[in-house]
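Next up, start.csv (CSV, C-alpha atoms):
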chain,number,residue,atom,x,y,z
K,1,MET,CA,-25.6,1.3,-29.5
K,2,GLU,CA,-25.4,0.5,-25.7
K,3,ILE,CA,-22.3,-1.7,-26.3
K,4,GLN,CA,-20.7,1.1,-28.2
K,5,LYS,CA,-21.5,3.4,-25.3
K,6,LEU,CA,-19.8,1.0,-22.9
K,7,ARG,CA,-16.8,0.6,-25.2
K,8,ILE,CA,-16.3,4.4,-25.4
K,9,LEU,CA,-16.9,5.2,-21.7
K,10,GLY,CA,-14.9,2.2,-20.6
K,11,GLU,CA,-11.9,3.1,-22.7
K,12,ALA,CA,-12.2,6.7,-21.5
K,13,SER,CA,-11.7,5.5,-17.9
K,14,GLN,CA,-8.4,3.9,-18.5
K,15,TYR,CA,-6.4,6.9,-17.3
K,16,ASP,CA,-7.6,6.4,-13.7
K,17,LEU,CA,-5.2,4.0,-12.1
K,18,CYS,CA,-6.1,1.7,-9.3
K,19,ASN,CA,-3.0,-0.4,-9.1
K,20,TYR,CA,0.7,0.2,-9.7
K,21,VAL,CA,1.4,-2.2,-12.5
K,22,SER,CA,2.0,-0.8,-16.0
K,23,LEU,CA,-1.1,0.2,-18.0
K,24,ASN,CA,-2.2,-2.8,-20.0
K,25,GLN,CA,-4.2,-1.6,-23.0
K,26,GLU,CA,-5.7,-5.0,-23.5
K,27,ASN,CA,-7.7,-4.4,-20.3
K,28,PHE,CA,-9.7,-1.9,-22.2
K,29,THR,CA,-9.7,-3.1,-25.8
K,30,SER,CA,-11.2,-6.5,-25.5
K,31,LYS,CA,-13.9,-6.7,-28.3
K,32,ASN,CA,-15.9,-9.1,-26.2
K,33,LEU,CA,-15.7,-7.5,-22.8
K,34,PRO,CA,-15.4,-3.7,-23.0
K,35,GLY,CA,-14.9,-2.1,-19.6
K,36,ILE,CA,-12.9,-4.9,-17.9
K,37,TYR,CA,-9.8,-3.7,-16.0
K,38,HIS,CA,-7.5,-6.1,-14.2
K,39,ALA,CA,-6.5,-4.5,-10.9
K,40,ARG,CA,-3.7,-5.9,-8.8
K,41,THR,CA,-4.1,-6.4,-5.0
K,42,GLN,CA,-1.4,-5.8,-2.5
K,43,SER,CA,-0.8,-9.6,-2.4
K,44,GLY,CA,-0.2,-9.6,-6.1
K,45,CYS,CA,-3.4,-11.2,-7.2
K,46,GLN,CA,-5.3,-9.7,-10.2
K,47,VAL,CA,-8.9,-8.9,-9.9
K,48,PRO,CA,-11.2,-8.0,-12.8
K,49,LEU,CA,-13.1,-4.8,-12.2
K,50,PHE,CA,-15.9,-3.3,-14.3
K,51,LYS,CA,-14.4,0.1,-14.8
K,52,THR,CA,-16.1,2.9,-16.7
K,53,LEU,CA,-17.1,6.6,-16.8
K,54,MET,CA,-20.7,7.4,-15.9
K,55,SER,CA,-20.4,10.3,-18.5
K,56,ASN,CA,-17.8,11.9,-20.7
K,57,HIS,CA,-19.6,15.2,-20.6
K,58,CYS,CA,-17.2,17.6,-18.9
K,59,THR,CA,-16.8,21.4,-18.4
K,60,ASN,CA,-13.2,21.1,-17.3
K,61,ASP,CA,-10.3,21.9,-19.6
K,62,CYS,CA,-7.6,19.4,-18.5
K,63,ASN,CA,-5.0,19.7,-21.2
K,64,TYR,CA,-4.1,15.9,-21.1
K,65,CYS,CA,-7.7,14.6,-21.2
K,66,ILE,CA,-9.6,13.4,-24.2
K,67,ASN,CA,-12.8,14.6,-22.5
K,68,HIS,CA,-11.7,18.2,-22.0
K,69,CYS,CA,-14.4,20.8,-22.7
K,70,HIS,CA,-13.0,22.2,-26.0
K,71,ASN,CA,-12.8,18.8,-27.7
K,72,LYS,CA,-15.7,18.3,-30.2
K,73,PHE,CA,-17.1,14.8,-30.3
K,74,GLU,CA,-20.2,13.0,-29.4
K,75,ARG,CA,-20.9,13.1,-25.7
K,76,MET,CA,-22.8,10.3,-24.0
K,77,GLU,CA,-23.6,9.1,-20.5
K,78,PHE,CA,-25.2,6.1,-18.8
K,79,SER,CA,-28.4,6.4,-16.8
K,80,PRO,CA,-27.9,4.8,-13.4
K,81,ASP,CA,-30.2,1.9,-14.4
K,82,GLU,CA,-28.3,1.3,-17.6
K,83,LEU,CA,-25.0,1.1,-15.8
K,84,ILE,CA,-26.4,-1.2,-13.1
K,85,SER,CA,-27.7,-3.6,-15.7
K,86,PHE,CA,-24.3,-3.8,-17.4
K,87,PHE,CA,-22.5,-4.3,-14.1
K,88,LEU,CA,-24.8,-7.0,-12.8
K,89,HIS,CA,-24.5,-8.9,-16.1
K,90,TYR,CA,-20.7,-8.8,-15.8
K,91,TYR,CA,-20.8,-9.7,-12.1
K,92,GLN,CA,-23.3,-12.5,-12.3
K,93,ASN,CA,-21.4,-14.1,-15.2
K,94,HIS,CA,-18.1,-13.8,-13.2
K,95,TYR,CA,-16.6,-11.4,-15.8
K,96,ALA,CA,-16.0,-8.7,-13.1
K,97,GLU,CA,-15.6,-9.0,-9.3
K,98,GLY,CA,-16.0,-5.3,-8.5
K,99,LEU,CA,-16.9,-1.8,-9.7
K,100,PHE,CA,-14.7,1.2,-10.3
K,101,LEU,CA,-16.9,4.2,-11.3
K,102,SER,CA,-15.8,7.6,-12.4
K,103,SER,CA,-17.3,10.4,-14.4
K,104,GLY,CA,-16.6,13.6,-16.3
K,105,MET,CA,-18.1,16.8,-14.7
K,106,PRO,CA,-21.1,17.9,-16.7
K,107,GLY,CA,-21.3,21.4,-15.2
K,108,ASP,CA,-21.8,20.6,-11.6
K,109,ALA,CA,-19.8,18.3,-9.4
K,110,ASP,CA,-22.7,17.2,-7.2
K,111,ARG,CA,-24.8,16.3,-10.2
K,112,ALA,CA,-22.1,13.9,-11.4
K,113,MET,CA,-21.8,12.6,-7.9
K,114,GLU,CA,-25.5,12.1,-7.5
K,115,ASN,CA,-25.7,9.8,-10.5
K,116,MET,CA,-22.8,7.7,-9.3
K,117,LEU,CA,-24.2,7.5,-5.8
K,118,GLU,CA,-27.6,6.3,-7.2
K,119,VAL,CA,-25.7,3.4,-8.9
K,120,ALA,CA,-23.9,2.5,-5.7
K,121,HIS,CA,-27.1,2.9,-3.5
K,122,LYS,CA,-29.2,0.7,-5.7
K,123,LEU,CA,-26.6,-1.9,-6.0
K,124,ARG,CA,-26.2,-2.1,-2.2
K,125,LEU,CA,-29.8,-1.8,-1.1
K,126,GLU,CA,-32.0,-3.0,-4.0
K,127,HIS,CA,-29.7,-5.7,-5.4
K,128,GLU,CA,-28.0,-6.6,-2.2
K,129,TYR,CA,-24.5,-6.4,-3.8
K,130,ASP,CA,-21.9,-6.4,-1.0
K,131,GLY,CA,-18.8,-6.6,-3.2
K,132,TYR,CA,-16.1,-4.1,-4.0
K,133,ILE,CA,-17.0,-0.5,-5.1
K,134,HIS,CA,-14.5,2.2,-5.8
K,135,LEU,CA,-16.1,5.6,-6.4
K,136,LYS,CA,-14.2,8.6,-7.8
K,137,ILE,CA,-14.8,11.8,-6.0
K,138,ILE,CA,-15.4,14.7,-8.4
K,139,PRO,CA,-13.2,17.8,-7.6
K,140,GLY,CA,-15.4,20.4,-6.0
K,141,ALA,CA,-18.0,17.8,-4.7
K,142,SER,CA,-19.8,18.9,-1.5
K,143,TYR,CA,-19.1,17.5,1.9
K,144,ASP,CA,-22.4,15.7,2.0
K,145,MET,CA,-21.8,14.0,-1.3
K,146,ILE,CA,-18.4,12.8,-0.2
K,147,LYS,CA,-19.8,11.4,3.1
K,148,ARG,CA,-22.5,9.6,1.2
K,149,ALA,CA,-20.0,8.1,-1.2
K,150,MET,CA,-17.8,6.9,1.7
K,151,ASN,CA,-20.8,5.2,3.3
K,152,LEU,CA,-21.5,3.2,0.1
K,153,ALA,CA,-18.0,2.6,-1.3
K,154,ASP,CA,-15.1,0.4,-0.2
K,155,ARG,CA,-12.6,3.0,-1.5
K,156,VAL,CA,-12.9,6.6,-2.7
K,157,SER,CA,-10.3,8.7,-4.5
K,158,VAL,CA,-9.7,12.2,-5.7
K,159,ASN,CA,-7.2,12.6,-8.5
K,160,LEU,CA,-4.6,15.2,-7.4
K,161,GLU,CA,-2.8,15.0,-10.8
K,162,SER,CA,0.0,17.3,-9.9
K,163,ALA,CA,2.4,17.6,-7.0
K,164,THR,CA,2.5,21.4,-6.9
K,165,LEU,CA,0.1,24.3,-7.5
K,166,SER,CA,2.3,25.6,-10.4
K,167,GLY,CA,2.3,22.1,-12.0
K,168,PHE,CA,-1.5,21.9,-11.6
K,169,ASP,CA,-2.0,25.3,-13.2
K,170,GLU,CA,0.0,24.1,-16.2
K,171,LEU,CA,-2.7,21.4,-16.7
K,172,THR,CA,-6.0,23.1,-16.2
K,173,SER,CA,-7.6,26.5,-15.6
K,174,THR,CA,-11.0,25.3,-14.4
K,175,LYS,CA,-10.1,23.6,-11.2
K,176,ASP,CA,-8.7,25.0,-8.0
K,177,TYR,CA,-5.8,22.9,-6.6
K,178,HIS,CA,-6.2,23.7,-2.9
K,179,ASN,CA,-10.0,24.1,-2.7
K,180,ASP,CA,-11.4,21.6,-5.3
K,181,VAL,CA,-8.9,18.8,-4.8
K,182,LEU,CA,-6.7,19.0,-1.6
K,183,ARG,CA,-9.5,20.3,0.5
K,184,ARG,CA,-11.7,17.4,-0.5
K,185,MET,CA,-9.0,14.9,0.2
K,186,LYS,CA,-8.6,16.4,3.7
K,187,TRP,CA,-12.4,16.1,4.2
K,188,ILE,CA,-12.1,12.4,3.4
K,189,GLY,CA,-9.2,12.0,5.8
K,190,ARG,CA,-11.1,13.7,8.6
K,191,LEU,CA,-14.3,11.7,7.9
K,192,LYS,CA,-12.3,8.5,8.0
K,193,LYS,CA,-10.8,9.3,11.4
K,194,ARG,CA,-14.2,10.2,12.9
K,195,HIS,CA,-16.0,7.2,11.3
K,196,PRO,CA,-13.5,4.4,10.6
K,197,HIS,CA,-16.3,2.2,9.1
K,198,LEU,CA,-16.6,4.6,6.1
K,199,ALA,CA,-14.8,3.6,3.0
K,200,PRO,CA,-13.0,0.7,4.8
K,201,SER,CA,-10.3,0.5,2.1
K,202,GLY,CA,-9.5,4.2,2.6
K,203,GLN,CA,-8.7,6.8,-0.1
K,204,SER,CA,-6.2,6.9,-2.9
K,205,THR,CA,-5.0,9.4,-5.4
K,206,GLN,CA,-3.1,9.7,-8.6
K,207,LEU,CA,-0.4,12.0,-9.9
K,208,ILE,CA,0.5,12.4,-13.6
K,209,VAL,CA,4.3,12.0,-14.3
K,210,GLY,CA,5.8,14.1,-17.1
K,211,ALA,CA,2.9,16.2,-18.2
K,212,ASN,CA,4.4,19.4,-16.7
K,213,ASP,CA,7.7,20.7,-15.4
K,214,GLU,CA,7.6,19.0,-12.0
K,215,THR,CA,10.7,17.2,-10.8
K,216,ASP,CA,10.9,13.8,-9.2
K,217,GLN,CA,11.7,15.7,-5.9
K,218,ASP,CA,8.4,17.6,-6.2
K,219,ILE,CA,6.5,14.3,-6.8
K,220,LEU,CA,8.2,12.4,-3.9
K,221,LYS,CA,7.8,15.3,-1.5
K,222,ARG,CA,4.0,15.4,-2.2
K,223,ALA,CA,3.7,11.6,-2.0
K,224,GLN,CA,5.4,11.7,1.4
K,225,TRP,CA,3.1,14.5,2.6
K,226,LEU,CA,0.0,12.5,1.5
K,227,ASN,CA,1.3,9.5,3.5
K,228,LYS,CA,2.0,11.6,6.6
K,229,HIS,CA,-1.1,13.7,6.6
K,230,LEU,CA,-3.8,11.7,4.8
K,231,ASP,CA,-2.5,8.1,5.4
K,232,ILE,CA,-2.2,7.4,1.7
K,233,LYS,CA,0.4,4.7,1.7
K,234,LEU,CA,0.8,4.6,-2.1
K,235,SER,CA,0.1,7.5,-4.5
K,236,TYR,CA,-0.6,6.0,-7.9
K,237,LEU,CA,1.6,7.4,-10.6
K,238,SER,CA,0.4,7.6,-14.2
K,239,PRO,CA,3.0,8.2,-16.9
K,240,PHE,CA,1.8,10.9,-19.2
K,241,GLN,CA,0.5,9.7,-22.5
K,242,PRO,CA,-0.1,12.2,-25.3
K,243,ILE,CA,-3.6,11.8,-26.7
K,244,GLU,CA,-4.8,13.1,-30.1
K,245,ASP,CA,-7.1,16.1,-30.1
K,246,THR,CA,-5.8,17.4,-26.7
K,247,PRO,CA,-3.7,20.5,-26.1
K,248,LEU,CA,-0.8,18.2,-25.0
K,249,GLU,CA,-0.9,15.8,-28.0
K,250,LYS,CA,2.6,16.8,-29.1
K,251,HIS,CA,4.1,16.9,-25.5
K,252,ALA,CA,6.9,14.4,-25.0
K,253,GLN,CA,6.3,11.3,-22.9
K,254,PRO,CA,8.4,10.7,-19.8
K,255,LYS,CA,11.2,8.1,-20.2
K,256,ASP,CA,10.1,4.6,-19.6
K,257,LYS,CA,12.1,4.1,-16.4
K,258,ARG,CA,11.0,7.3,-14.7
K,259,THR,CA,7.7,6.1,-13.2
K,260,PRO,CA,9.0,2.7,-12.0
K,261,ARG,CA,12.0,4.5,-10.3
K,262,LEU,CA,9.5,7.0,-8.6
K,263,TYR,CA,7.5,4.0,-7.3
K,264,GLN,CA,10.7,2.5,-5.9
K,265,ALA,CA,11.6,5.8,-4.2
K,266,GLN,CA,8.1,6.2,-2.9
K,267,PHE,CA,8.2,2.8,-1.2
K,268,LEU,CA,11.6,3.7,0.4
K,269,LEU,CA,10.0,6.9,1.9
K,270,ASN,CA,6.6,5.5,2.9
K,271,SER,CA,7.4,1.9,3.8
K,272,TYR,CA,11.1,1.4,4.3
K,273,GLY,CA,12.0,4.2,6.7
K,274,PHE,CA,14.1,6.3,4.4
K,275,SER,CA,14.2,10.0,4.8
K,276,SER,CA,13.9,12.3,1.8
K,277,ASP,CA,17.5,13.5,2.4
K,278,GLU,CA,18.7,9.9,1.8
K,279,LEU,CA,17.4,9.7,-1.7
K,280,ILE,CA,20.1,10.5,-4.3
K,281,LEU,CA,19.0,12.9,-7.0
K,282,ASP,CA,20.8,14.8,-9.7
K,283,ASP,CA,21.3,18.5,-9.6
K,284,GLU,CA,17.9,19.2,-11.2
K,285,GLY,CA,16.0,17.1,-8.7
K,286,PHE,CA,15.5,13.9,-10.7
K,287,LEU,CA,16.3,10.3,-9.8
K,288,PHE,CA,19.0,8.4,-11.7
K,289,LEU,CA,17.2,6.2,-14.1
K,290,ASP,CA,19.9,3.6,-14.6
K,291,GLU,CA,20.1,2.6,-10.9
K,292,ASP,CA,17.7,1.3,-8.3
K,293,PRO,CA,17.5,4.1,-5.7
K,294,LYS,CA,18.0,1.7,-2.8
K,295,LEU,CA,21.0,0.1,-4.4
K,296,LEU,CA,22.4,3.5,-5.4
K,297,TRP,CA,22.1,4.7,-1.7
K,298,ALA,CA,23.9,1.6,-0.4
K,299,ARG,CA,26.7,1.9,-2.9
K,300,SER,CA,27.1,5.5,-1.9
K,301,HIS,CA,27.5,4.6,1.8
K,302,PRO,CA,30.2,2.0,2.0
K,303,ASP,CA,31.0,3.0,5.6
K,304,LEU,CA,27.7,1.5,6.7
K,305,PHE,CA,28.3,-1.9,5.2
K,306,PRO,CA,28.5,-4.8,5.5
K,307,VAL,CA,25.6,-5.2,7.9
K,308,GLU,CA,25.7,-8.2,10.3
K,309,VAL,CA,22.4,-9.9,9.7
K,310,ASN,CA,22.4,-11.6,13.2
K,311,GLU,CA,22.6,-8.2,15.0
K,312,ALA,CA,21.2,-5.6,12.7
K,313,SER,CA,18.0,-3.6,13.6
K,314,PHE,CA,14.9,-3.8,11.5
K,315,LYS,CA,15.7,-0.4,10.1
K,316,GLU,CA,19.2,-1.4,9.2
K,317,LEU,CA,18.0,-4.5,7.5
K,318,LEU,CA,15.5,-2.4,5.4
K,319,HIS,CA,18.4,-0.4,4.1
K,320,VAL,CA,20.1,-3.5,2.6
K,321,PRO,CA,19.4,-4.1,-1.1
K,322,GLY,CA,17.5,-7.3,-1.6
K,323,ILE,CA,15.9,-7.3,1.9
K,324,GLY,CA,12.2,-6.1,1.9
K,325,LYS,CA,9.8,-5.5,4.8
K,326,ILE,CA,8.5,-9.1,4.8
K,327,SER,CA,11.9,-10.7,4.7
K,328,ALA,CA,13.2,-8.3,7.4
K,329,LYS,CA,10.4,-9.2,9.7
K,330,LYS,CA,11.1,-12.9,9.1
K,331,ILE,CA,14.7,-12.4,10.0
K,332,ILE,CA,13.9,-10.6,13.2
K,333,ALA,CA,11.3,-13.3,14.1
K,334,ALA,CA,13.8,-16.1,13.4
K,335,ARG,CA,16.4,-14.4,15.6
K,336,ARG,CA,14.0,-14.1,18.5
K,337,LYS,CA,13.5,-17.8,18.3
K,338,GLY,CA,17.3,-18.3,18.7
K,339,MET,CA,18.2,-18.9,15.0
K,340,LYS,CA,21.7,-17.8,14.0
K,341,PHE,CA,22.2,-17.2,10.3
K,342,THR,CA,25.4,-18.8,9.0
K,343,LYS,CA,24.8,-19.2,5.2
K,344,LEU,CA,23.1,-17.4,2.4
K,345,ASP,CA,20.6,-20.2,1.8
K,346,ASP,CA,19.2,-19.4,5.3
K,347,LEU,CA,18.3,-15.9,4.0
K,348,LYS,CA,17.1,-17.1,0.6
K,349,ASN,CA,14.6,-19.4,2.3
K,350,LEU,CA,13.1,-16.3,4.0
K,351,GLY,CA,12.6,-14.4,0.7
K,352,VAL,CA,15.8,-12.4,0.6
K,353,VAL,CA,17.2,-11.7,-2.9
K,354,VAL,CA,20.6,-12.9,-1.9
K,355,LYS,CA,22.3,-11.9,-5.2
K,356,ARG,CA,21.4,-8.3,-4.4
K,357,ALA,CA,22.0,-8.5,-0.6
K,358,ASP,CA,25.3,-10.5,-0.8
K,359,PRO,CA,27.8,-7.6,-1.1
K,360,PHE,CA,26.2,-5.7,1.7
K,361,ILE,CA,25.9,-8.3,4.5
K,362,GLN,CA,27.9,-10.6,6.6
K,363,LEU,CA,26.8,-13.7,8.5
K,364,ASN,CA,28.2,-14.5,11.9
K,365,GLN,CA,30.9,-11.9,11.4
K,366,ALA,CA,32.0,-13.5,8.2
K,367,HIS,CA,31.7,-12.3,4.6
K,368,GLN,CA,30.5,-15.1,2.3
K,369,THR,CA,30.9,-13.5,-1.0
K,370,THR,CA,33.5,-12.7,-3.6
K,371,LEU,CA,31.3,-9.9,-5.0
K,372,HIS,CA,32.4,-6.3,-4.5
K,373,PHE,CA,30.7,-2.9,-4.6
In structure tokens, write the structure found in this file.
Amino acid sequence: MEIQKLRILGEASQYDLCNYVSLNQENFTSKNLPGIYHARTQSGCQVPLFKTLMSNHCTNDCNYCINHCHNKFERMEFSPDELISFFLHYYQNHYAEGLFLSSGMPGDADRAMENMLEVAHKLRLEHEYDGYIHLKIIPGASYDMIKRAMNLADRVSVNLESATLSGFDELTSTKDYHNDVLRRMKWIGRLKKRHPHLAPSGQSTQLIVGANDETDQDILKRAQWLNKHLDIKLSYLSPFQPIEDTPLEKHAQPKDKRTPRLYQAQFLLNSYGFSSDELILDDEGFLFLDEDPKLLWARSHPDLFPVEVNEASFKELLHVPGIGKISAKKIIAARRKGMKFTKLDDLKNLGVVVKRADPFIQLNQAHQTTLHF
């Protein structure tokens, strides 16, 4: 029975993302290890996390969620000690290297938070666990509960779900976009500024793509706002998946390329110095799915290319397809040491994708390619 509970609550947690790779259903359907989720770090390594809901009891009516309040099925929850026992078994046997804990909201946000905080508190103080903990903040949770969560967790997150108020209202009638969600995210941001030691890995959030009428422009505008005001470098994007027995079970899924293109555009805005005006969208505010947004921008500005690699600024290099932040920094560092780039292999050795960059650069005032725009 306890394994069945873990399987159900583990699988129910799959829609909370904590990395930007495509959802891998095998993470949640292993018959031997229910609840294991392979998160990817910024360096590209995969880390197995024990990921589950504390409870699937919920009084919210989120139209996309299997746990919405009108759905009739057997509800269940872990006691804090049950969940701790499962996690420690996984951790001590090296099946999981960290904990990602979320929950439905069984009538009161602070009640749900209290149970999760008891798990984290006991792990830290009674079991001397000092590994990774990610705690989901329940919309509407009190300031005190949030501060306590940040004192125990490495990372906290509130799911924003929608980029706009109107989009949020399409998905639920039981949560308040500005008060229950955005206000809590701002509290986390202020607490982090005042007490940098709290939640050392910061906060994250998630937006659902394709569950409502929001455009790519709406989503990117919100992601940029979150980066600027709350220091959220990457807003996780979850492509909508229709689930049986939910109000949106017949709602169409977004096209496969939409979410990856949004991630690429978000990186351009938050990490590559692009402005929102530089992104090329169609008349309805959507990205072009058949073209990488950076490559599309470069091809649309032939007057700015080719860029001389030996003279270009860091920002100019970042606008070149095939040159990322790491390779651009290496180019600048090499130039400061007196290196002059004369052949494409020099760039390839620094991590530049020369096949992409080739048409848009010149080396020592010479073009070394026969490729054209």
Pairwise distance for CA of Arg299 (chain K) and CA of Phe360 (chain K), rounded to one decimal in Å: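 So the two atoms, CA of Arg299 (chain K) and CA of Phe360 (chain K), lie 8.9 Å apart.
Among K:Phe50, K:Phe240, K:Phe86, K:Trp187, the residue with the shortest atom-to-atom distance to Tyr132 (chain K), counting all atoms listed in the file, is K:Phe50.
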Between K:Val307, K:Ala328, K:Leu350, K:Val47, which is the closest to His367 (chain K) once you count only C-alpha atoms?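 Nearest candidate to His367 (chain K) out of K:Val307, K:Ala328, K:Leu350, K:Val47: K:Val307.
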For the point (10.2, -5.5, -1.0) in file coordinates, what residues are within 12 Å, counting all atoms listed in the file? Give the answer as a ChimeraX atom specification? /K:42-43,263-265,267-268,271-272,294,317-329,351-353
In Å, rounded to a single decimal, give me how far CA of Ile133 (chain K) is from CA of Leu99 (chain K).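 That distance, rounded to one decimal, is 4.8 Å.
Between CA of Gln206 (chain K) and CA of Ser157 (chain K) lies a distance of 8.3 Å.
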Calculated over all atoms listed in the file, which of the candidates K:Asn310, K:Thr215, K:Ser300, K:Arg335 has the smallest distance to Asp283 (chain K)?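 Smallest separation from Asp283 (chain K) among the options: K:Thr215.
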With only C-alpha atoms as the basis for distance, which of K:Lys315, K:Leu296, K:Arg222, K:Asp213 is at the shortest distance from Glu284 (chain K)?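 Going through K:Lys315, K:Leu296, K:Arg222, K:Asp213 one by one, the smallest distance to Glu284 (chain K) is for K:Asp213.
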Using all atoms listed in the file, which residues sit within 12 Å of Glu126 (chain K) once same-chain residues fewer than 5 positions away are excluded, as an NGL selection string? :K and (81 or 84 or 118-121)
